$ cat final-v7.tsv   # TSV, C-alpha atoms
chain	number	residue	atom	x	y	z
A	135	PHE	CA	56.06	-52.23	-114.26
A	136	GLY	CA	52.56	-51.49	-113.00
A	137	SER	CA	53.40	-53.06	-109.64
A	138	SER	CA	56.81	-51.38	-109.13
A	139	PRO	CA	57.12	-49.62	-105.77
A	140	ARG	CA	59.19	-46.88	-107.35
A	141	PHE	CA	56.44	-46.11	-109.85
A	142	GLU	CA	53.95	-45.83	-107.05
A	143	ARG	CA	56.18	-43.43	-105.17
A	144	ARG	CA	56.95	-41.22	-108.18
A	145	LEU	CA	53.22	-40.73	-109.10
A	146	PRO	CA	50.78	-39.16	-106.75
A	147	ASP	CA	48.12	-41.36	-105.26
A	148	GLY	CA	45.36	-40.02	-107.53
A	149	LEU	CA	47.35	-40.56	-110.76
A	150	TRP	CA	48.93	-43.95	-110.61
A	151	ARG	CA	45.68	-45.98	-110.64
A	152	PRO	CA	44.40	-44.47	-113.94
A	153	ALA	CA	47.80	-45.04	-115.42
A	154	VAL	CA	47.79	-48.66	-114.43
A	155	ALA	CA	44.26	-49.05	-115.76
A	156	ALA	CA	45.36	-47.54	-119.05
A	157	LEU	CA	48.22	-50.01	-119.33
A	158	SER	CA	46.05	-53.03	-118.49
A	159	PRO	CA	45.44	-55.57	-121.31
A	160	SER	CA	41.71	-54.77	-121.58
A	161	ALA	CA	42.16	-51.03	-121.79
A	162	GLY	CA	41.05	-49.50	-125.08
A	163	ARG	CA	39.52	-52.75	-126.32
A	164	PRO	CA	35.98	-52.40	-127.90
A	165	PRO	CA	33.02	-54.18	-126.19
A	166	ALA	CA	32.20	-57.70	-127.25
A	167	PRO	CA	29.67	-57.95	-130.11
A	168	GLY	CA	27.19	-60.11	-128.15
A	169	ARG	CA	27.21	-57.78	-125.22
A	170	ALA	CA	26.67	-54.79	-127.45
A	171	MET	CA	23.70	-56.45	-129.13
A	172	SER	CA	22.13	-57.41	-125.79
A	173	ASP	CA	22.56	-53.88	-124.52
A	174	ALA	CA	20.91	-52.54	-127.68
A	175	ALA	CA	18.04	-55.00	-127.39
A	176	ALA	CA	17.48	-54.10	-123.75
A	177	SER	CA	17.52	-50.42	-124.65
A	178	ALA	CA	15.00	-50.99	-127.47
A	179	ALA	CA	12.72	-53.01	-125.19
A	180	GLY	CA	12.81	-50.28	-122.58
A	181	ASP	CA	11.96	-47.65	-125.20
A	182	ALA	CA	9.03	-49.77	-126.42
A	183	ALA	CA	7.73	-50.22	-122.88
A	184	ASP	CA	7.99	-46.48	-122.26
A	185	ALA	CA	6.14	-45.78	-125.50
A	186	ALA	CA	3.38	-48.26	-124.61
A	187	ALA	CA	3.03	-46.73	-121.17
A	188	ALA	CA	2.89	-43.26	-122.66
A	189	MET	CA	0.32	-44.28	-125.28
A	190	PRO	CA	-3.20	-43.05	-124.39
A	191	PRO	CA	-5.67	-45.77	-123.25
A	192	VAL	CA	-8.15	-45.01	-126.04
A	193	ALA	CA	-6.82	-47.68	-128.39
A	194	SER	CA	-6.74	-50.27	-125.63
A	195	ASP	CA	-10.31	-49.45	-124.57
A	196	ALA	CA	-11.48	-49.65	-128.18
A	197	ALA	CA	-9.87	-53.07	-128.59
A	198	ASP	CA	-11.51	-54.30	-125.36
A	199	ALA	CA	-14.89	-52.98	-126.49
A	200	LEU	CA	-14.58	-54.71	-129.86
A	201	GLY	CA	-13.63	-57.97	-128.18
A	202	ALA	CA	-16.57	-57.76	-125.74
A	203	SER	CA	-18.95	-56.95	-128.60
A	204	ALA	CA	-17.74	-59.95	-130.59
A	205	ASP	CA	-18.15	-62.24	-127.57
A	206	ALA	CA	-21.66	-60.96	-126.89
A	207	GLU	CA	-22.66	-61.41	-130.53
A	208	ALA	CA	-21.33	-64.97	-130.52
A	209	GLN	CA	-23.25	-65.79	-127.34
A	210	VAL	CA	-26.48	-64.33	-128.73
A	211	HIS	CA	-26.04	-66.25	-131.96
A	212	THR	CA	-25.43	-69.50	-130.09
A	213	ALA	CA	-28.38	-68.92	-127.74
A	214	ALA	CA	-30.63	-68.16	-130.71
A	215	ASN	CA	-29.63	-71.38	-132.45
A	216	ILE	CA	-30.19	-73.44	-129.29
A	217	ALA	CA	-33.58	-71.80	-128.68
A	218	LYS	CA	-34.58	-72.42	-132.29
A	219	LEU	CA	-33.59	-76.08	-132.12
A	220	THR	CA	-35.26	-76.51	-128.74
A	221	SER	CA	-38.48	-74.91	-129.91
A	222	TYR	CA	-38.67	-77.18	-132.94
A	223	SER	CA	-37.99	-80.28	-130.84
A	224	TRP	CA	-40.48	-79.18	-128.18
A	225	ASN	CA	-43.21	-78.56	-130.75
A	226	ILE	CA	-42.81	-82.05	-132.20
A	227	PHE	CA	-43.03	-83.73	-128.81
A	228	ARG	CA	-45.87	-81.49	-127.70
A	229	TYR	CA	-47.97	-82.27	-130.76
A	230	ILE	CA	-47.42	-86.01	-130.40
A	231	GLY	CA	-48.31	-85.82	-126.70
A	232	ASP	CA	-51.43	-83.74	-127.37
A	233	TYR	CA	-52.79	-86.15	-129.96
A	234	LEU	CA	-51.98	-89.19	-127.84
A	235	HIS	CA	-53.84	-87.56	-124.96
A	236	LEU	CA	-56.80	-86.74	-127.16
A	237	PHE	CA	-56.84	-90.28	-128.58
A	238	GLY	CA	-56.76	-91.74	-125.08
A	239	ILE	CA	-59.70	-89.61	-123.96
A	240	PHE	CA	-61.83	-90.68	-126.92
A	241	ALA	CA	-60.80	-94.29	-126.32
A	242	LEU	CA	-62.04	-93.92	-122.72
A	243	LEU	CA	-65.36	-92.39	-123.82
A	244	ALA	CA	-65.83	-95.10	-126.43
A	245	THR	CA	-65.12	-97.82	-123.86
A	246	LEU	CA	-67.59	-96.39	-121.34
A	247	SER	CA	-70.23	-96.01	-124.03
A	248	LYS	CA	-69.70	-99.53	-125.43
A	249	ASN	CA	-69.67	-101.33	-122.08
A	250	LYS	CA	-72.31	-99.20	-120.36
A	251	SER	CA	-70.15	-99.72	-117.32
A	252	CYS	CA	-67.29	-98.12	-115.39
A	253	GLN	CA	-65.52	-101.40	-114.79
A	254	GLY	CA	-61.75	-101.22	-115.13
A	255	ILE	CA	-61.62	-97.41	-114.82
A	256	SER	CA	-60.41	-95.52	-111.76
A	257	ARG	CA	-62.67	-92.68	-110.72
A	258	SER	CA	-59.85	-91.21	-108.65
A	259	THR	CA	-57.77	-90.72	-111.80
A	260	GLN	CA	-60.69	-88.92	-113.47
A	261	ILE	CA	-61.11	-86.63	-110.46
A	262	LEU	CA	-57.40	-85.82	-110.50
A	263	TYR	CA	-57.45	-85.00	-114.22
A	264	PHE	CA	-60.51	-82.81	-113.76
A	265	CYS	CA	-58.64	-80.84	-111.09
A	266	VAL	CA	-55.55	-80.65	-113.31
A	267	PHE	CA	-57.45	-79.20	-116.27
A	268	THR	CA	-59.62	-76.75	-114.33
A	269	THR	CA	-56.68	-75.30	-112.38
A	270	ARG	CA	-54.24	-75.17	-115.31
A	271	TYR	CA	-56.48	-73.71	-117.99
A	272	LEU	CA	-57.85	-70.74	-116.09
A	273	ASP	CA	-55.62	-68.68	-118.36
A	274	LEU	CA	-58.39	-69.01	-120.99
A	275	VAL	CA	-60.16	-66.09	-119.29
A	276	ASP	CA	-56.92	-64.18	-118.66
A	277	HIS	CA	-55.54	-63.58	-122.18
A	278	SER	CA	-56.19	-64.48	-125.80
A	279	GLN	CA	-54.59	-67.63	-127.24
A	280	THR	CA	-54.31	-69.51	-130.50
A	281	ALA	CA	-57.22	-71.61	-131.74
A	282	TYR	CA	-55.12	-74.77	-131.32
A	283	LEU	CA	-54.64	-74.20	-127.58
A	284	VAL	CA	-58.22	-73.08	-127.01
A	285	PHE	CA	-59.55	-76.21	-128.74
A	286	PHE	CA	-57.44	-78.64	-126.73
A	287	LYS	CA	-57.95	-76.89	-123.41
A	288	LEU	CA	-61.72	-76.73	-123.78
A	289	THR	CA	-61.78	-80.34	-125.00
A	290	TYR	CA	-59.86	-81.55	-121.96
A	291	ILE	CA	-62.10	-79.69	-119.54
A	292	LEU	CA	-65.39	-80.74	-121.18
A	293	THR	CA	-64.43	-84.40	-121.60
A	294	SER	CA	-63.30	-84.65	-117.97
A	295	ILE	CA	-66.71	-83.31	-116.90
A	296	ILE	CA	-68.47	-85.77	-119.21
A	297	VAL	CA	-66.51	-88.70	-117.78
A	298	LEU	CA	-67.40	-87.72	-114.20
A	299	VAL	CA	-71.06	-87.41	-115.19
A	300	ILE	CA	-70.91	-90.92	-116.68
A	301	PHE	CA	-69.42	-92.23	-113.42
A	302	TRP	CA	-72.27	-90.59	-111.54
A	303	LYS	CA	-74.84	-92.14	-113.89
A	304	LEU	CA	-73.22	-95.59	-113.78
A	305	ASP	CA	-72.30	-95.51	-110.11
A	306	LYS	CA	-73.56	-99.07	-109.53
A	307	THR	CA	-70.93	-100.47	-111.88
A	308	TYR	CA	-68.05	-98.61	-110.23
A	309	GLU	CA	-65.57	-101.00	-108.53
A	310	ARG	CA	-64.69	-99.18	-105.32
A	311	GLN	CA	-62.84	-102.12	-103.81
A	312	LYS	CA	-60.16	-101.84	-106.52
A	313	ASP	CA	-59.85	-98.07	-106.55
A	314	THR	CA	-57.98	-97.86	-103.26
A	315	CYS	CA	-55.58	-94.95	-103.85
A	316	SER	CA	-56.09	-92.19	-101.27
A	317	LEU	CA	-56.62	-88.78	-102.87
A	318	PRO	CA	-55.56	-86.70	-99.81
A	319	VAL	CA	-52.15	-88.40	-99.96
A	320	ILE	CA	-51.76	-86.86	-103.42
A	321	PHE	CA	-53.52	-83.52	-102.92
A	322	ILE	CA	-51.74	-82.40	-99.75
A	323	PRO	CA	-48.12	-82.72	-100.97
A	324	CYS	CA	-48.99	-81.17	-104.35
A	325	THR	CA	-50.69	-78.21	-102.69
A	326	THR	CA	-47.74	-77.67	-100.36
A	327	ALA	CA	-45.25	-77.86	-103.22
A	328	ALA	CA	-47.29	-75.41	-105.30
A	329	ILE	CA	-47.32	-72.86	-102.48
A	330	LEU	CA	-43.63	-73.18	-101.71
A	331	LEU	CA	-42.25	-73.49	-105.25
A	332	ALA	CA	-44.45	-71.17	-107.30
A	333	ASN	CA	-42.54	-68.56	-109.31
A	334	GLU	CA	-44.77	-65.80	-108.00
A	335	TYR	CA	-47.49	-65.63	-105.37
A	336	SER	CA	-50.49	-64.99	-107.59
A	337	VAL	CA	-53.61	-67.15	-107.78
A	338	LEU	CA	-53.12	-68.19	-111.40
A	339	GLU	CA	-49.44	-68.98	-110.93
A	340	MET	CA	-49.98	-71.11	-107.83
A	341	LEU	CA	-52.88	-72.98	-109.42
A	342	TRP	CA	-50.77	-73.61	-112.51
A	343	SER	CA	-47.93	-74.95	-110.36
A	344	PHE	CA	-50.43	-77.11	-108.47
A	345	SER	CA	-51.68	-78.62	-111.74
A	346	GLN	CA	-48.11	-79.39	-112.83
A	347	PHE	CA	-47.38	-81.33	-109.65
A	348	LEU	CA	-50.78	-83.01	-109.60
A	349	GLU	CA	-50.60	-84.31	-113.16
A	350	GLY	CA	-47.50	-86.30	-112.33
A	351	PHE	CA	-49.63	-88.43	-109.97
A	352	ALA	CA	-52.92	-88.43	-111.89
A	353	MET	CA	-52.43	-91.88	-113.41
A	354	VAL	CA	-51.22	-93.53	-110.20
A	355	PRO	CA	-54.75	-94.58	-109.06
A	356	GLN	CA	-55.37	-96.13	-112.49
A	357	TYR	CA	-52.11	-98.07	-112.30
A	358	ILE	CA	-53.06	-99.37	-108.85
A	359	PHE	CA	-56.51	-100.26	-110.16
A	360	CYS	CA	-55.02	-102.24	-113.05
A	361	TYR	CA	-52.66	-104.00	-110.64
A	362	ARG	CA	-55.55	-105.11	-108.43
A	363	GLU	CA	-57.65	-106.24	-111.36
A	364	LYS	CA	-57.03	-109.96	-111.68
A	365	GLY	CA	-59.35	-110.84	-114.55
A	366	GLY	CA	-59.11	-110.04	-118.23
A	367	ARG	CA	-58.78	-106.37	-119.01
A	368	ASP	CA	-60.89	-104.66	-121.66
A	369	TRP	CA	-58.89	-103.60	-124.72
A	370	GLY	CA	-60.36	-100.11	-124.52
A	371	THR	CA	-59.09	-99.68	-120.97
A	372	SER	CA	-55.64	-100.91	-121.98
A	373	LEU	CA	-55.60	-98.53	-124.94
A	374	TYR	CA	-56.57	-95.65	-122.67
A	375	VAL	CA	-53.82	-96.44	-120.16
A	376	VAL	CA	-51.15	-96.82	-122.86
A	377	SER	CA	-52.20	-93.60	-124.59
A	378	LEU	CA	-52.10	-91.56	-121.38
A	379	GLY	CA	-48.76	-93.06	-120.46
A	380	GLY	CA	-47.37	-92.18	-123.90
A	381	TYR	CA	-48.74	-88.66	-123.52
A	382	ARG	CA	-46.77	-88.21	-120.32
A	383	VAL	CA	-43.62	-89.55	-121.97
A	384	PHE	CA	-43.78	-87.14	-124.91
A	385	TYR	CA	-44.91	-84.17	-122.90
$ encode --input "final-v7.tsv" --output "C-alpha cells"
Amino acid sequence: FGSSPRFERRLPDGLWRPAVAALSPSAGRPPAPGRAMSDAAASAAGDAADAAAAMPPVASDAADALGASADAEAQVHTAANIAKLTSYSWNIFRYIGDYLHLFGIFALLATLSKNKSCQGISRSTQILYFCVFTTRYLDLVDHSQTAYLVFFKLTYILTSIIVLVIFWKLDKTYERQKDTCSLPVIFIPCTTAAILLANEYSVLEMLWSFSQFLEGFAMVPQYIFCYREKGGRDWGTSLYVVSLGGYRVFY
C-alpha cells in the first residue's frame, strides 16, 4: 500500500512521506529500555560535568592545600626521625673513635718514654698530625664550644707538640732510612683539593677542608715505616698503629 503508485499520485509530495512513516512498523513504538537508560545516564553525566565546571575553585584549592600540607608534614616527620637516628649513631661512633685516638696517643707517649728512643715511629706521621690538629682546631678561638670538645682538641694539639719535641730531643735514635714517605707528595694535593673543594672561601673553612684531606694520609708514612721494618716490632708501636687505625674506622 505504501509503495502504490496511485497513492503517491493522489497525495502531494510533501504529505505522502509522513503518511508512509506513520504506517511503518516502528511508528508509534516506545524506545527500547536499554537505550532510554543509556540516554538518561549520559544526560546525568553531562549535568554532573557541567555542575563540576560551574563549581568555584575554592574547594579544589582547599583540597590541594590540605594534601600539600599533609605531604610536607610527613616529609618533615621522616626527616626528623632520620636525623635523630643518624645523630645517635654518629655520636656512638664519634665517642669510640675519640677514645681510641686518645688511647693511641697515650700509648705512643708511653712507648717513647719507656724506650727512650724514637725507633719504630715515623716522624712524618707526627708532623702530618700536628698540621691536621693546628689547622682544624682554629675554631677554638672563633666561638665557644662544649667542655668535651675543648678538652679533646687541646689534648690533641698539646700531645702532638710534645711528641715532636721528643723527636727533637731523641733525634739520634730516629731511623731516617725507614721513614721514606715524601711529605710534599701529600701536602700539595691536599692543599689543592682544599682550595678547590672548600664550601666557602674563608681562611677557617679552607684550613678545615685541608685538615680533612690531610688526615686521610697522616698514617701512610707510619704504614710504610712498619713495612720497611724487618725486625721485631715493639708492642707499644703496634698498639699505637692499631688504635689510630681503629680511630679512622670509627670516625
$ atom_distance --input "final-v7.tsv" --atom1 "CA of Ser278 (chain A)" --atom2 "CA of Ala327 (chain A)"
28.4 Å
$ residues_around --input "final-v7.tsv" --residues "Leu274 (chain A)" --least-positions-apart "6" --cutoff "10 Å" --atoms "only C-alpha atoms" --output "ChimeraX atom specification"
/A:283-284,287-288
$ residues_near_point --input "final-v7.tsv" --point "(-66.8, -107.8, -123.0)" --cutoff "12 Å" --atoms "only C-alpha atoms" --output "list in words"
Thr245, Leu246, Lys248, Asn249, Lys250, Ser251, Gln253, Gly254, Gly365, Gly366, Arg367, Asp368, Trp369, Gly370 and Thr371 of chain A
$ atom_distance --input "final-v7.tsv" --atom1 "CA of Cys315 (chain A)" --atom2 "CA of Ile329 (chain A)"
23.6 Å
$ residues_around --input "final-v7.tsv" --residues "Leu298 (chain A)" --least-positions-apart "2" --cutoff "9 Å" --atoms "all atoms listed in the file" --output "PyMOL selection string"
chain A and resi 257+260-261+264+293-296+300-303
$ write_last_selection --input "final-v7.tsv" --atoms "C-alpha atoms" --output "PDB file, in the coordinates of the input"
ATOM      1  CA  ARG A 257     -62.670 -92.680-110.720  1.00  0.00           C
ATOM      2  CA  GLN A 260     -60.690 -88.920-113.470  1.00  0.00           C
ATOM      3  CA  ILE A 261     -61.110 -86.630-110.460  1.00  0.00           C
ATOM      4  CA  PHE A 264     -60.510 -82.810-113.760  1.00  0.00           C
ATOM      5  CA  THR A 293     -64.430 -84.400-121.600  1.00  0.00           C
ATOM      6  CA  SER A 294     -63.300 -84.650-117.970  1.00  0.00           C
ATOM      7  CA  ILE A 295     -66.710 -83.310-116.900  1.00  0.00           C
ATOM      8  CA  ILE A 296     -68.470 -85.770-119.210  1.00  0.00           C
ATOM      9  CA  ILE A 300     -70.910 -90.920-116.680  1.00  0.00           C
ATOM     10  CA  PHE A 301     -69.420 -92.230-113.420  1.00  0.00           C
ATOM     11  CA  TRP A 302     -72.270 -90.590-111.540  1.00  0.00           C
ATOM     12  CA  LYS A 303     -74.840 -92.140-113.890  1.00  0.00           C
TER      13      LYS A 303
END
$ closest_residue --input "final-v7.tsv" --among "A:Leu378, A:Cys252, A:Ile320, A:Val266" --to "Val299 (chain A)" --atoms "all atoms listed in the file"
A:Cys252
$ closest_residue --input "final-v7.tsv" --among "A:Tyr271, A:Tyr357, A:Phe285, A:Tyr263" --to "Glu339 (chain A)" --atoms "only C-alpha atoms"
A:Tyr271
$ residues_near_point --input "final-v7.tsv" --point "(-55.2, -96.9, -124.8)" --cutoff "12 Å" --atoms "all atoms listed in the file" --output "VMD selection string"
chain A and resid 234 to 245 255 367 to 381
$ atom_distance --input "final-v7.tsv" --atom1 "CA of Leu331 (chain A)" --atom2 "CA of Phe286 (chain A)"
26.8 Å
$ residues_around --input "final-v7.tsv" --residues "Leu262 (chain A)" --least-positions-apart "5" --cutoff "8 Å" --atoms "all atoms listed in the file" --output "compact mmCIF listing (two decimals) with C-alpha atoms, in the frame of the given file"
# COMPACT_ATOMS: atom_id res chain seq x y z
CA LEU A 348 -50.78 -83.01 -109.60
CA GLU A 349 -50.60 -84.31 -113.16
CA ALA A 352 -52.92 -88.43 -111.89
$ closest_residue --input "final-v7.tsv" --among "A:Phe347, A:Tyr308, A:Thr289, A:Phe359" --to "Ile322 (chain A)" --atoms "all atoms listed in the file"
A:Phe347
$ axis_aligned_box --input "final-v7.tsv" --around "region 232-245 of chain A" --padding-each-side "4 Å" --output "AutoDock Vina command-line options"
--center_x -58.6 --center_y -90.8 --center_z -126.3 --size_x 22.4 --size_y 22.1 --size_z 15.2
$ closest_residue --input "final-v7.tsv" --among "A:Arg310, A:Asp273, A:Ser256, A:Asp232" --to "Val354 (chain A)" --atoms "all atoms listed in the file"
A:Ser256
$ closest_residue --input "final-v7.tsv" --among "A:Gln346, A:Tyr282, A:Ser258, A:Phe267" --to "Ile358 (chain A)" --atoms "all atoms listed in the file"
A:Ser258
